[in-house]
>>> print(open('run_38.cif').read())   # mmCIF, C-alpha atoms and all ligand atoms
data_entry
#
loop_
_atom_site.label_atom_id
_atom_site.label_comp_id
_atom_site.auth_asym_id
_atom_site.auth_seq_id
_atom_site.Cartn_x
_atom_site.Cartn_y
_atom_site.Cartn_z
CA MET J 11 81.87 88.49 90.33
CA PRO J 12 85.58 87.70 90.58
CA ALA J 13 87.87 89.67 88.27
CA VAL J 14 89.24 86.47 86.75
CA SER J 15 87.39 83.19 87.00
CA ARG J 16 89.04 80.12 88.38
CA LEU J 17 90.80 77.95 85.85
CA SER J 18 90.68 74.67 87.70
CA ARG J 19 88.67 72.72 90.19
CA GLY J 20 91.28 70.11 90.95
CA ALA J 21 91.16 69.03 87.31
CA GLU J 22 94.39 70.86 86.50
CA THR J 23 97.78 71.04 88.06
CA PRO J 24 97.92 73.96 90.49
CA VAL J 25 99.85 76.94 89.18
CA CYS J 26 103.36 77.22 90.59
CA ILE J 27 104.21 80.61 92.08
CA ALA J 28 107.87 81.25 92.84
CA HIS J 29 107.74 82.59 96.40
CA ARG J 30 110.29 85.42 96.65
CA GLY J 31 111.72 83.86 93.47
CA ALA J 32 113.50 80.50 93.65
CA SER J 33 114.24 81.50 97.23
CA GLY J 34 115.12 78.00 98.42
CA GLN J 35 118.15 78.03 96.14
CA GLU J 36 119.03 81.70 95.72
CA PRO J 37 118.88 84.76 97.97
CA GLU J 38 115.20 85.59 98.37
CA ASN J 39 113.65 88.53 96.51
CA THR J 40 116.77 89.13 94.39
CA LEU J 41 117.08 89.29 90.63
CA ARG J 42 119.12 86.12 90.84
CA ALA J 43 116.23 84.32 92.57
CA PHE J 44 113.73 85.53 89.97
CA ALA J 45 116.02 84.64 87.05
CA ARG J 46 116.50 81.16 88.51
CA ALA J 47 112.73 80.75 88.80
CA LEU J 48 112.32 81.69 85.14
CA GLU J 49 115.02 79.21 84.11
CA GLN J 50 113.12 76.54 85.98
CA GLY J 51 109.94 77.31 84.09
CA ALA J 52 108.01 79.34 86.65
CA THR J 53 105.50 81.71 85.11
CA TRP J 54 104.49 83.54 88.31
CA PHE J 55 106.56 85.41 90.86
CA GLU J 56 105.55 86.48 94.32
CA LEU J 57 107.59 89.30 95.83
CA ASP J 58 107.37 91.68 98.77
CA VAL J 59 107.75 95.43 98.56
CA HIS J 60 108.55 98.18 101.04
CA LEU J 61 108.47 101.87 100.33
CA VAL J 62 111.74 103.54 101.29
CA HIS J 63 112.42 107.22 100.55
CA GLY J 64 109.95 107.20 97.66
CA ARG J 65 111.17 103.99 95.99
CA LEU J 66 109.83 100.45 96.14
CA LEU J 67 112.41 97.96 97.31
CA VAL J 68 111.82 94.25 96.87
CA ILE J 69 112.51 92.86 100.31
CA HIS J 70 110.42 90.94 102.83
CA ASP J 71 111.44 92.46 106.16
CA ALA J 72 111.36 96.07 107.29
CA THR J 73 114.81 95.47 108.77
CA LEU J 74 118.03 94.37 107.13
CA GLU J 75 119.60 91.72 109.33
CA ARG J 76 117.96 88.54 108.08
CA THR J 77 118.59 88.92 104.35
CA THR J 78 121.45 91.39 103.94
CA ASN J 79 124.80 92.36 105.48
CA GLY J 80 123.21 95.55 106.81
CA THR J 81 121.58 96.28 110.14
CA GLY J 82 118.59 98.18 111.40
CA PRO J 83 115.41 99.40 109.76
CA LEU J 84 115.33 100.04 106.02
CA THR J 85 114.25 103.61 106.64
CA ALA J 86 117.33 104.36 108.76
CA HIS J 87 119.46 104.26 105.62
CA THR J 88 119.71 106.25 102.42
CA LEU J 89 118.78 104.53 99.18
CA ALA J 90 122.43 104.60 98.15
CA GLU J 91 123.42 102.83 101.36
CA LEU J 92 120.70 100.24 100.91
CA ARG J 93 121.66 99.58 97.32
CA ALA J 94 125.29 99.08 98.33
CA LEU J 95 124.37 96.19 100.63
CA ASP J 96 124.82 92.53 99.82
CA ALA J 97 121.46 90.74 99.77
CA GLY J 98 123.26 87.40 99.23
CA LYS J 99 125.69 86.13 96.60
CA GLY J 100 126.59 89.73 95.80
CA GLN J 101 123.02 90.63 94.87
CA ARG J 102 121.56 94.06 95.55
CA ILE J 103 118.14 94.68 97.00
CA PRO J 104 116.19 95.20 93.75
CA PHE J 105 113.86 98.00 92.88
CA LEU J 106 110.44 96.75 91.76
CA GLU J 107 111.07 98.17 88.28
CA GLU J 108 114.11 95.91 87.87
CA VAL J 109 112.03 92.80 88.49
CA LEU J 110 109.50 93.99 85.91
CA GLU J 111 112.31 94.40 83.36
CA LEU J 112 113.41 90.84 84.00
CA ALA J 113 109.92 89.36 83.98
CA VAL J 114 108.31 91.20 81.10
CA GLY J 115 106.54 88.78 78.79
CA ARG J 116 107.69 85.87 80.90
CA ALA J 117 105.95 85.92 84.26
CA ARG J 118 102.96 87.25 86.11
CA ILE J 119 103.83 89.23 89.21
CA ASN J 120 102.11 88.99 92.57
CA VAL J 121 103.17 92.09 94.45
CA GLU J 122 102.67 91.65 98.16
CA LEU J 123 102.26 95.07 99.72
CA LYS J 124 104.26 95.28 102.92
CA GLY J 125 104.36 98.33 105.09
CA ALA J 126 102.74 101.70 104.84
CA GLY J 127 102.41 103.69 101.66
CA THR J 128 103.24 100.98 99.15
CA LEU J 129 99.93 101.01 97.27
CA ALA J 130 100.17 104.36 95.46
CA PRO J 131 103.72 103.84 94.13
CA VAL J 132 102.92 100.28 93.08
CA LEU J 133 99.87 101.53 91.16
CA ALA J 134 102.04 104.18 89.52
CA ILE J 135 104.57 101.58 88.38
CA VAL J 136 101.87 99.25 87.10
CA ARG J 137 100.16 102.09 85.21
CA ASP J 138 103.49 103.08 83.63
CA ALA J 139 104.20 99.47 82.68
CA VAL J 140 100.76 99.10 81.10
CA ALA J 141 101.03 102.45 79.32
CA GLY J 142 104.35 101.30 77.90
CA GLY J 143 102.49 98.49 76.15
CA ALA J 144 104.52 95.59 77.50
CA TRP J 145 102.20 94.66 80.36
CA ARG J 146 98.50 94.16 80.96
CA PRO J 147 96.90 94.96 84.32
CA ASP J 148 95.92 91.31 84.77
CA GLN J 149 99.56 90.28 84.60
CA PHE J 150 99.82 91.79 88.06
CA LEU J 151 98.10 90.77 91.24
CA LEU J 152 98.15 92.72 94.47
CA SER J 153 97.97 90.94 97.80
CA CYS J 154 98.14 92.14 101.36
CA PHE J 155 97.41 90.96 104.89
CA ASP J 156 95.80 94.37 105.46
CA TRP J 157 92.58 93.97 103.53
CA ASP J 158 91.71 97.67 103.75
CA VAL J 159 94.68 98.35 101.46
CA LEU J 160 93.15 96.03 98.86
CA ASP J 161 89.83 97.81 99.22
CA GLU J 162 91.60 101.03 98.33
CA ALA J 163 93.39 99.31 95.44
CA ARG J 164 90.06 98.18 93.97
CA GLN J 165 88.67 101.68 94.20
CA ARG J 166 91.71 103.29 92.65
CA GLU J 167 92.55 100.72 89.96
CA PRO J 168 89.85 98.08 89.48
CA ALA J 169 91.61 96.48 86.50
CA ILE J 170 94.37 95.05 88.69
CA PRO J 171 93.38 91.75 90.33
CA VAL J 172 93.69 91.41 94.09
CA ALA J 173 93.77 88.58 96.60
CA PRO J 174 93.47 88.93 100.38
CA LEU J 175 96.16 87.15 102.35
CA ALA J 176 95.34 85.16 105.45
CA GLY J 177 97.47 83.15 107.85
CA LYS J 178 96.55 80.40 110.27
CA GLY J 179 92.85 80.09 111.02
CA ALA J 180 91.54 81.61 107.80
CA GLY J 181 87.82 81.09 107.41
CA GLY J 182 84.60 82.87 106.58
CA GLU J 183 86.02 86.33 107.05
CA VAL J 184 88.59 86.06 104.28
CA LEU J 185 85.99 84.57 101.95
CA GLU J 186 83.54 87.37 102.62
CA THR J 187 86.28 89.94 102.14
CA ALA J 188 87.39 88.36 98.87
CA ASP J 189 83.81 88.39 97.64
CA ARG J 190 83.32 92.00 98.62
CA LEU J 191 86.58 92.99 96.94
CA GLY J 192 85.76 91.08 93.76
CA ALA J 193 89.06 89.27 94.34
CA GLU J 194 90.23 86.55 92.02
CA ALA J 195 91.53 84.36 94.83
CA ILE J 196 92.31 83.94 98.48
CA HIS J 197 95.96 83.41 99.37
CA VAL J 198 96.18 81.39 102.56
CA SER J 199 98.79 79.78 104.75
CA ARG J 200 99.13 76.02 104.49
CA TRP J 201 97.79 75.81 108.03
CA SER J 202 94.47 77.10 106.75
CA ALA J 203 94.18 74.91 103.69
CA ARG J 204 91.29 72.63 104.57
CA ALA J 205 88.69 70.94 102.38
CA ARG J 206 85.88 73.05 103.80
CA LEU J 207 87.66 76.31 103.03
CA VAL J 208 88.61 75.21 99.51
CA GLU J 209 85.07 74.08 98.78
CA ALA J 210 83.56 77.26 100.16
CA ALA J 211 85.98 79.38 98.12
CA HIS J 212 85.24 77.47 94.95
CA ALA J 213 81.52 77.77 95.56
CA ARG J 214 82.05 81.55 95.50
CA GLY J 215 84.16 81.37 92.34
CA LEU J 216 87.38 82.15 94.20
CA ALA J 217 90.66 80.40 93.51
CA VAL J 218 92.67 79.17 96.48
CA ARG J 219 96.43 79.54 96.51
CA VAL J 220 98.51 78.27 99.42
CA PHE J 221 101.85 79.37 100.89
CA PRO J 222 104.47 78.04 101.27
CA ILE J 223 104.56 74.45 100.05
CA ASN J 224 108.01 72.91 99.70
CA SER J 225 107.60 69.19 100.39
CA GLN J 226 105.98 66.57 98.24
CA TRP J 227 103.61 65.25 100.87
CA GLU J 228 102.21 68.74 101.36
CA TYR J 229 102.02 69.25 97.62
CA ASP J 230 100.10 65.98 97.21
CA LEU J 231 97.76 67.00 100.00
CA MET J 232 97.11 70.36 98.34
CA VAL J 233 96.35 68.63 95.03
CA ARG J 234 93.89 66.34 96.80
CA LEU J 235 92.24 69.37 98.36
CA GLY J 236 91.91 70.86 94.88
CA VAL J 237 93.82 74.07 95.50
CA ASP J 238 94.55 76.21 92.46
CA GLY J 239 97.98 77.60 93.20
CA ILE J 240 101.08 76.74 95.19
CA PHE J 241 103.56 79.30 96.47
CA THR J 242 106.90 77.59 96.77
CA ASP J 243 110.52 78.40 97.50
CA PHE J 244 111.46 75.54 95.15
CA PRO J 245 109.64 76.07 91.85
CA ALA J 246 111.64 73.34 90.08
CA ARG J 247 110.31 70.77 92.54
CA VAL J 248 106.71 71.86 92.29
CA LEU J 249 106.82 72.01 88.50
CA ALA J 250 108.32 68.51 88.40
CA TRP J 251 105.69 67.13 90.78
CA GLY J 252 102.99 68.72 88.69
CA ALA J 253 104.38 67.30 85.47
CA ALA J 254 104.85 63.84 86.95
CA ALA J 255 101.45 63.47 88.52
CA PRO J 256 98.72 65.60 87.01
CA ALA J 257 95.98 66.28 89.48
CA ILE J 258 93.08 63.87 89.49
CA PRO J 259 89.71 65.53 88.97
CA VAL J 260 87.71 65.76 92.16
CA GLY J 261 84.10 66.54 92.91
CA GLY J 262 82.48 64.39 90.24
CA GLY J 263 85.12 64.61 87.54
CA GLY J 264 83.76 67.77 85.94
CA SER J 265 86.00 69.79 83.68
CA GLY J 266 85.89 72.65 86.12
CA SER J 267 85.31 75.16 83.37
O1 LIG J 301 102.17 86.09 99.51
C1 LIG J 301 102.29 84.88 100.16
C2 LIG J 301 103.29 84.95 101.30
O2 LIG J 301 104.47 85.52 100.80
C3 LIG J 301 102.80 85.72 102.48
O3 LIG J 301 103.64 85.68 103.58
O4 LIG J 301 105.50 86.36 105.03
O5 LIG J 301 105.97 85.00 103.02
O6 LIG J 301 105.31 87.38 102.80
P1 LIG J 301 105.17 86.14 103.61
MG MG J 302 105.25 87.52 100.63
#
>>> encode(input="run_38.cif", output="structure tokens")
Amino acid sequence: MPAVSRLSRGAETPVCIAHRGASGQEPENTLRAFARALEQGATWFELDVHLVHGRLLVIHDATLERTTNGTGPLTAHTLAELRALDAGKGQRIPFLEEVLELAVGRARINVELKGAGTLAPVLAIVRDAVAGGAWRPDQFLLSCFDWDVLDEARQREPAIPVAPLAGKGAGGEVLETADRLGAEAIHVSRWSARARLVEAAHARGLAVRVFPINSQWEYDLMVRLGVDGIFTDFPARVLAWGAAAPAIPVGGGGSGS
């Protein structure tokens, strides 16, 4: 059984997940991007973490060039050097804990585990957050392209929901893995979002969330397919599209409950 049952079968507007924050308007994976997403009404964040010298940094790449004024691999620098860099508009590369402070009581957090060794420190931070009383385990979700990491996550902390990530060409394998993991969803690239995959996922009780969707025609297509969640760099757009045109029930007009 999935950890959390699906909430919609095309009968509800797909949930909007701010992909690296409001990363289309602000520097990705920065506090500024997450704050902007909250202002726009997003209730979910997706972010990427790397483990560097024992701390979890919120950054997509293992190297610095694309998103900061630094160069080279993250691990070639001290934490102090990394924190002194400009990640855009004067923002620092955040620690995961800083995003939790910003989001507490306001957003669910999908932590995408990038790179080796991220699982254990993420679990430690989540456990601390839950022990502190301000968070529940189901306000987190762990995702990863390396499904073995999610297997380990389920064994070590079954209360935290997981979702396997899959890129182009996702099919039966990701569904079987999600089932085996007791995942709440599959998170797939837009290139993999097809009616057959969505139907097969829903038949197994798995939600389908798609990344990244930034244009209205793609959004409309995803709604027609009945997907449950949209990762977007422009949460304001997706929330406005959802408010303007609630999804039409598909598959016989059932409530989806
Ligand atoms: O978690 C969804 C998506 O972020 C996965 O790909 O490369 O954007 O981290 P990427
Ligand atoms: Mg990501």
>>> closest_residue(input="run_38.cif", among="J:Asn120, J:Thr187, J:Thr77, J:Thr128", to="ligand LIG 301 (chain J)", atoms="all atoms listed in the file")
J:Asn120
>>> residues_near_ligand(input="run_38.cif", ligand="ligand MG 302 (chain J)", cutoff="6 Å", atoms="only C-alpha atoms and all ligand atoms", output="number ranges by chain")
J: 57-58, 122
>>> closest_atom_pairs(input="run_38.cif", of="chain J", to="ligand LIG 301 (chain J)", cutoff="8 Å", atoms="all atoms listed in the file", output="Markdown table")
| residue | atom | partner | partner_atom | distance |
| --- | --- | --- | --- | --- |
| J:His29 | CA | J:LIG301 | O2 | 6.2 |
| J:Arg30 | CA | J:LIG301 | O2 | 7.1 |
| J:Glu56 | CA | J:LIG301 | O1 | 6.2 |
| J:Leu57 | CA | J:LIG301 | O2 | 7.0 |
| J:Asp58 | CA | J:LIG301 | O6 | 6.2 |
| J:His70 | CA | J:LIG301 | O6 | 6.2 |
| J:Asn120 | CA | J:LIG301 | O1 | 7.5 |
| J:Val121 | CA | J:LIG301 | O1 | 7.9 |
| J:Glu122 | CA | J:LIG301 | O1 | 5.7 |
| J:Lys124 | CA | J:LIG301 | O6 | 8.0 |
| J:Ser153 | CA | J:LIG301 | O1 | 6.6 |
| J:Cys154 | CA | J:LIG301 | O1 | 7.5 |
| J:Phe155 | CA | J:LIG301 | C3 | 7.9 |
| J:Leu175 | CA | J:LIG301 | O1 | 6.7 |
| J:Gly177 | CA | J:LIG301 | O3 | 7.9 |
| J:His197 | CA | J:LIG301 | C1 | 6.5 |
| J:Val198 | CA | J:LIG301 | C1 | 7.4 |
| J:Ser199 | CA | J:LIG301 | C3 | 7.5 |
| J:Val220 | CA | J:LIG301 | C1 | 7.7 |
| J:Phe221 | CA | J:LIG301 | C1 | 5.6 |
| J:Pro222 | CA | J:LIG301 | C2 | 7.0 |
| J:Phe241 | CA | J:LIG301 | C1 | 6.8 |
>>> closest_residue(input="run_38.cif", among="J:Gly98, J:Gly82, J:Gly51, J:Gln165", to="Glu36 of chain J", atoms="all atoms listed in the file")
J:Gly98
>>> closest_residue(input="run_38.cif", among="J:Pro245, J:Gly215, J:Gly100, J:Pro131", to="Asn79 of chain J", atoms="only C-alpha atoms")
J:Gly100
>>> atom_distance(input="run_38.cif", atom1="atom CA of Pro147 of chain J", atom2="atom CA of Ala169 of chain J")
5.9 Å
